[in-house]
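Asker: Below: one structure in structure tokens.
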Amino acid sequence: MVKHSFEVAPEDEGLRLDQVIPKHVPGLSRRKARAVIDLGGVFVDRSRVKVAGRPVKPGQKIEVNLGGAIERHGIEPPLEPRIVHVDDALIVVDKPAGLVTAPTPEASRGDLLDQLARRFGEVFLVHRLDLPTSGLLVFARTRDANKRLGDLFKLHDVEREYRAVAVGEVAAQMIDRPIDRRRAVTHVTPVEALPGATLVACRLETGRTHQIRIHLAGIGHPVAGDRTHGGEVERAFRPRPPRLALHAMVLGFAHPVTGERVRWESPLPDDLATWLERVRQFDARSS
């Protein structure tokens, strides 16, 4: 994402938002400016504004966020989650890779939270998955359920297990390394030895941003397809995965209303499952 910021000049007073933005953002047409505004990528004095015809005033600070969302706008159909479970208190979904969990500075439309809100009414975000990660997520449908679920996550009283393909031979271990100065713990268990890699189960004791990716990269065994943290070790791995080889497979917790322990599992999606078969059969000498 690229952010452009500017202050409205006296000579721009009275211009529409979709008129003033192209004057200050190189290469952005008025039509594209309207698309960015419609997506929710424009902030005026730190407040998101989605009205293209809103007149601007001198001194207002305008922020325009451009990224992949605008390139996909009107071209690709939105990705949709698989609804796993719904009741009066919560919704459990299986998120596809490539779908944003919640609004970002560049867009407030089409993300997973927005899709669920349009379908079910008011929905509360409990936790997130990275854009390239697939798998299970829970959302709350009431404020009370949101607080109770949030408390469970804060207390680390939630069962979360991921499947990842890590480059190299990985041994069973507990990784206890801080992320952004906060304690972060991941329990890693080998599931299957692969040519040049290991299919591992990762159980989260804490939930920091990119925790599994950072921890595995930190021990020299990055997740296949992780261009952010993988470095040379990941880039040399073959065959190349279709995307980040990380999937949230298991999610379990005490139901916020009944207190009953509930648990869901999601198998590897087709893109990773098909690629994993290629990895199993891969012969580096013939590549």
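FYI, nothing fancy with the structure tokens labels: chains A, B, ... in order, residues from 1 per chain, ligands from 1 as they appear.
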Counting only C-alpha atoms, what is within 10 Å of Val42 in chain A, bar same-chain residues fewer than 3 positions away, as a list in words?
Answerer: Lys3, His4, Ser5, Leu17, Ile21, Ala33, Arg34, Val36, Ile37, Asp38, Leu39, Asp45, Arg46, Ser47, Arg48, Val49, Lys50, Val51, Ala52, Ile62, Glu63, Val64, Asn65, Leu66, Pro105, Glu106 and Ala107 of chain A
Asker: Store the residues picked out above in a file with C-alpha atoms, as a short mmCIF file (atom, residue, chain, number, x, y, z; two decimals), in the first residue's frame.
Answerer:
```cif
data_model
loop_
_atom_site.label_atom_id
_atom_site.label_comp_id
_atom_site.auth_asym_id
_atom_site.auth_seq_id
_atom_site.Cartn_x
_atom_site.Cartn_y
_atom_site.Cartn_z
CA LYS A 3 -0.09 6.50 1.18
CA HIS A 4 -0.32 10.01 -0.27
CA SER A 5 -0.95 12.91 2.13
CA LEU A 17 -13.08 15.60 -3.08
CA ILE A 21 -7.33 14.37 -5.12
CA ALA A 33 -10.17 8.86 -7.46
CA ARG A 34 -13.91 8.19 -7.19
CA VAL A 36 -10.68 4.96 -4.21
CA ILE A 37 -13.20 7.09 -2.31
CA ASP A 38 -15.94 4.51 -2.86
CA LEU A 39 -13.69 1.75 -1.50
CA ASP A 45 -8.75 14.98 8.95
CA ARG A 46 -8.34 11.31 9.97
CA SER A 47 -12.00 10.41 9.28
CA ARG A 48 -12.86 8.03 6.46
CA VAL A 49 -14.95 9.80 3.81
CA LYS A 50 -16.85 7.97 1.06
CA VAL A 51 -18.68 10.91 -0.57
CA ALA A 52 -16.94 11.95 -3.80
CA ILE A 62 -6.29 14.49 3.17
CA GLU A 63 -4.84 10.97 3.09
CA VAL A 64 -5.23 8.73 0.03
CA ASN A 65 -4.34 5.04 0.38
CA LEU A 66 -3.61 3.10 -2.79
CA PRO A 105 -6.77 2.09 5.34
CA GLU A 106 -7.19 1.45 1.60
CA ALA A 107 -10.65 -0.15 1.70
#
```
Asker: I'd like the contact shell of range 265-282 of chain A - 6 Å cut-off, only C-alpha atoms, skipping same-chain residues fewer than 5 positions apart - returned as a list in words.
Answerer: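 Within the cut-off, the hits are Leu194, Met249 and Val250 of chain A.
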Asker: Using backbone DSSP assignments, extract all strand (DSSP E or B) residues from range 149-179 of chain A; output them as JSON, numbers by chain.
Answerer: {"A": [159, 160, 161, 162, 163, 164, 165, 166, 167, 173, 174, 175, 176, 179]}
Asker: Hey, can you spit out that residue selection with C-alpha atoms as a PDB file, in the first residue's frame?
Answerer:
```pdb
ATOM      1  CA  GLU A 159      -7.286 -23.923  20.930  1.00  0.00           C
ATOM      2  CA  ARG A 160      -5.655 -22.781  17.707  1.00  0.00           C
ATOM      3  CA  GLU A 161      -3.648 -25.112  15.550  1.00  0.00           C
ATOM      4  CA  TYR A 162      -2.203 -24.361  12.125  1.00  0.00           C
ATOM      5  CA  ARG A 163      -0.661 -26.476   9.396  1.00  0.00           C
ATOM      6  CA  ALA A 164       2.401 -25.057   7.674  1.00  0.00           C
ATOM      7  CA  VAL A 165       5.027 -26.300   5.266  1.00  0.00           C
ATOM      8  CA  ALA A 166       8.352 -25.121   6.697  1.00  0.00           C
ATOM      9  CA  VAL A 167      11.529 -25.200   4.622  1.00  0.00           C
ATOM     10  CA  GLN A 173      10.091 -27.639  19.887  1.00  0.00           C
ATOM     11  CA  MET A 174       8.554 -24.769  21.780  1.00  0.00           C
ATOM     12  CA  ILE A 175       9.565 -21.372  20.404  1.00  0.00           C
ATOM     13  CA  ASP A 176       9.450 -18.713  23.105  1.00  0.00           C
ATOM     14  CA  ILE A 179       7.586 -10.196  19.030  1.00  0.00           C
TER      15      ILE A 179
END
```
Asker: In terms of the shortest atom-to-atom distance over only C-alpha atoms, which of A:His210, A:Arg181, A:Arg54, A:Arg82 is closest to Pro96 in chain A?
Answerer: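 Among A:His210, A:Arg181, A:Arg54, A:Arg82, it is A:Arg82 that comes nearest to Pro96 in chain A.
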Asker: Could you please write out, as number ranges by chain, every residue of range 24-140 of chain A that DSSP assigns to alpha helix (DSSP H)?
Answerer: A: 24, 30-39, 68-72, 112-120
Asker: Kindly provide the residues of range 55-156 of chain A that approach range 215-228 of chain A to within 12 Å, each paired with its closest atom pair and their distance in Å to one decimal, based on only C-alpha atoms, listed by chain and increasing number, as a tab-separated table.
Answerer:
```
residue	atom	partner	partner_atom	distance
A:Asp130	CA	A:Asp226	CA	11.5
A:Leu131	CA	A:Asp226	CA	11.8
A:Pro132	CA	A:Asp226	CA	9.1
A:Thr133	CA	A:Asp226	CA	10.3
```
Asker: Could the residues in this selection be written to a file with N, CA and C atoms, as a short mmCIF file (atom, residue, chain, number, x, y, z; two decimals), in the first residue's frame?
Answerer:
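Okay, again-v8.cif is ready:
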```cif
data_model
loop_
_atom_site.label_atom_id
_atom_site.label_comp_id
_atom_site.auth_asym_id
_atom_site.auth_seq_id
_atom_site.Cartn_x
_atom_site.Cartn_y
_atom_site.Cartn_z
N ASP A 130 -3.89 -13.32 8.60
CA ASP A 130 -3.21 -12.54 7.57
C ASP A 130 -3.90 -12.73 6.23
N LEU A 131 -3.74 -11.76 5.36
CA LEU A 131 -4.32 -11.83 4.01
C LEU A 131 -4.00 -13.13 3.29
N PRO A 132 -2.73 -13.60 3.25
CA PRO A 132 -2.42 -14.82 2.50
C PRO A 132 -2.68 -16.12 3.25
N THR A 133 -3.17 -16.04 4.49
CA THR A 133 -3.43 -17.23 5.29
C THR A 133 -4.90 -17.63 5.18
#
```
Asker: For CA of Asp94 in chain A and CA of Leu136 in chain A, quote the distance in Å rounded to one decimal.
Answerer: 4.6 Å
Asker: As an exercise, work out the distance from CA of Thr189 in chain A to CA of Pro241 in chain A in Å and give it to one decimal place.
Answerer: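 Interatomic distance here is 21.1 Å.
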Asker: Using only C-alpha atoms, can you tell me which of A:Arg128, A:Val257, A:Gly110, A:Glu192 comes closest to Leu149 in chain A?
Answerer: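 Looking only at the distances to Leu149 in chain A, the closest residue turns out to be A:Val257.
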Asker: Can you pull out every residue within 7 Å of Thr101 in chain A, counting only C-alpha atoms, but drop anything in the same chain fewer than 6 positions away, and send it as a list in words?
Answerer: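 Counting only C-alpha atoms, the residues come to Asp111, Leu112, Leu113, Arg128 and Leu129 of chain A.
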Asker: Produce a file of the selected residues containing C-alpha atoms, as an mmCIF file, in the first residue's frame.
Answerer:
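New file result.cif:
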```cif
data_model
loop_
_atom_site.group_PDB
_atom_site.id
_atom_site.type_symbol
_atom_site.label_atom_id
_atom_site.label_comp_id
_atom_site.auth_asym_id
_atom_site.auth_seq_id
_atom_site.Cartn_x
_atom_site.Cartn_y
_atom_site.Cartn_z
ATOM 1 C CA ASP A 111 -13.532 -7.579 3.434
ATOM 2 C CA LEU A 112 -14.687 -10.558 5.499
ATOM 3 C CA LEU A 113 -16.181 -8.475 8.315
ATOM 4 C CA ARG A 128 -7.683 -11.938 12.470
ATOM 5 C CA LEU A 129 -5.812 -14.008 9.923
#
```
Asker: Can you pull out every residue within 10 Å of Lys147 in chain A, counting only C-alpha atoms, but drop anything in the same chain fewer than 5 positions away, and send it as number ranges by chain?
Answerer: A: 124, 126, 140, 142, 152-153, 256
Asker: Smallest atom-to-atom distance to His85 in chain A: which of A:Asp283, A:Arg263, A:Pro103, A:Arg182, using only C-alpha atoms?
Answerer: A:Arg263
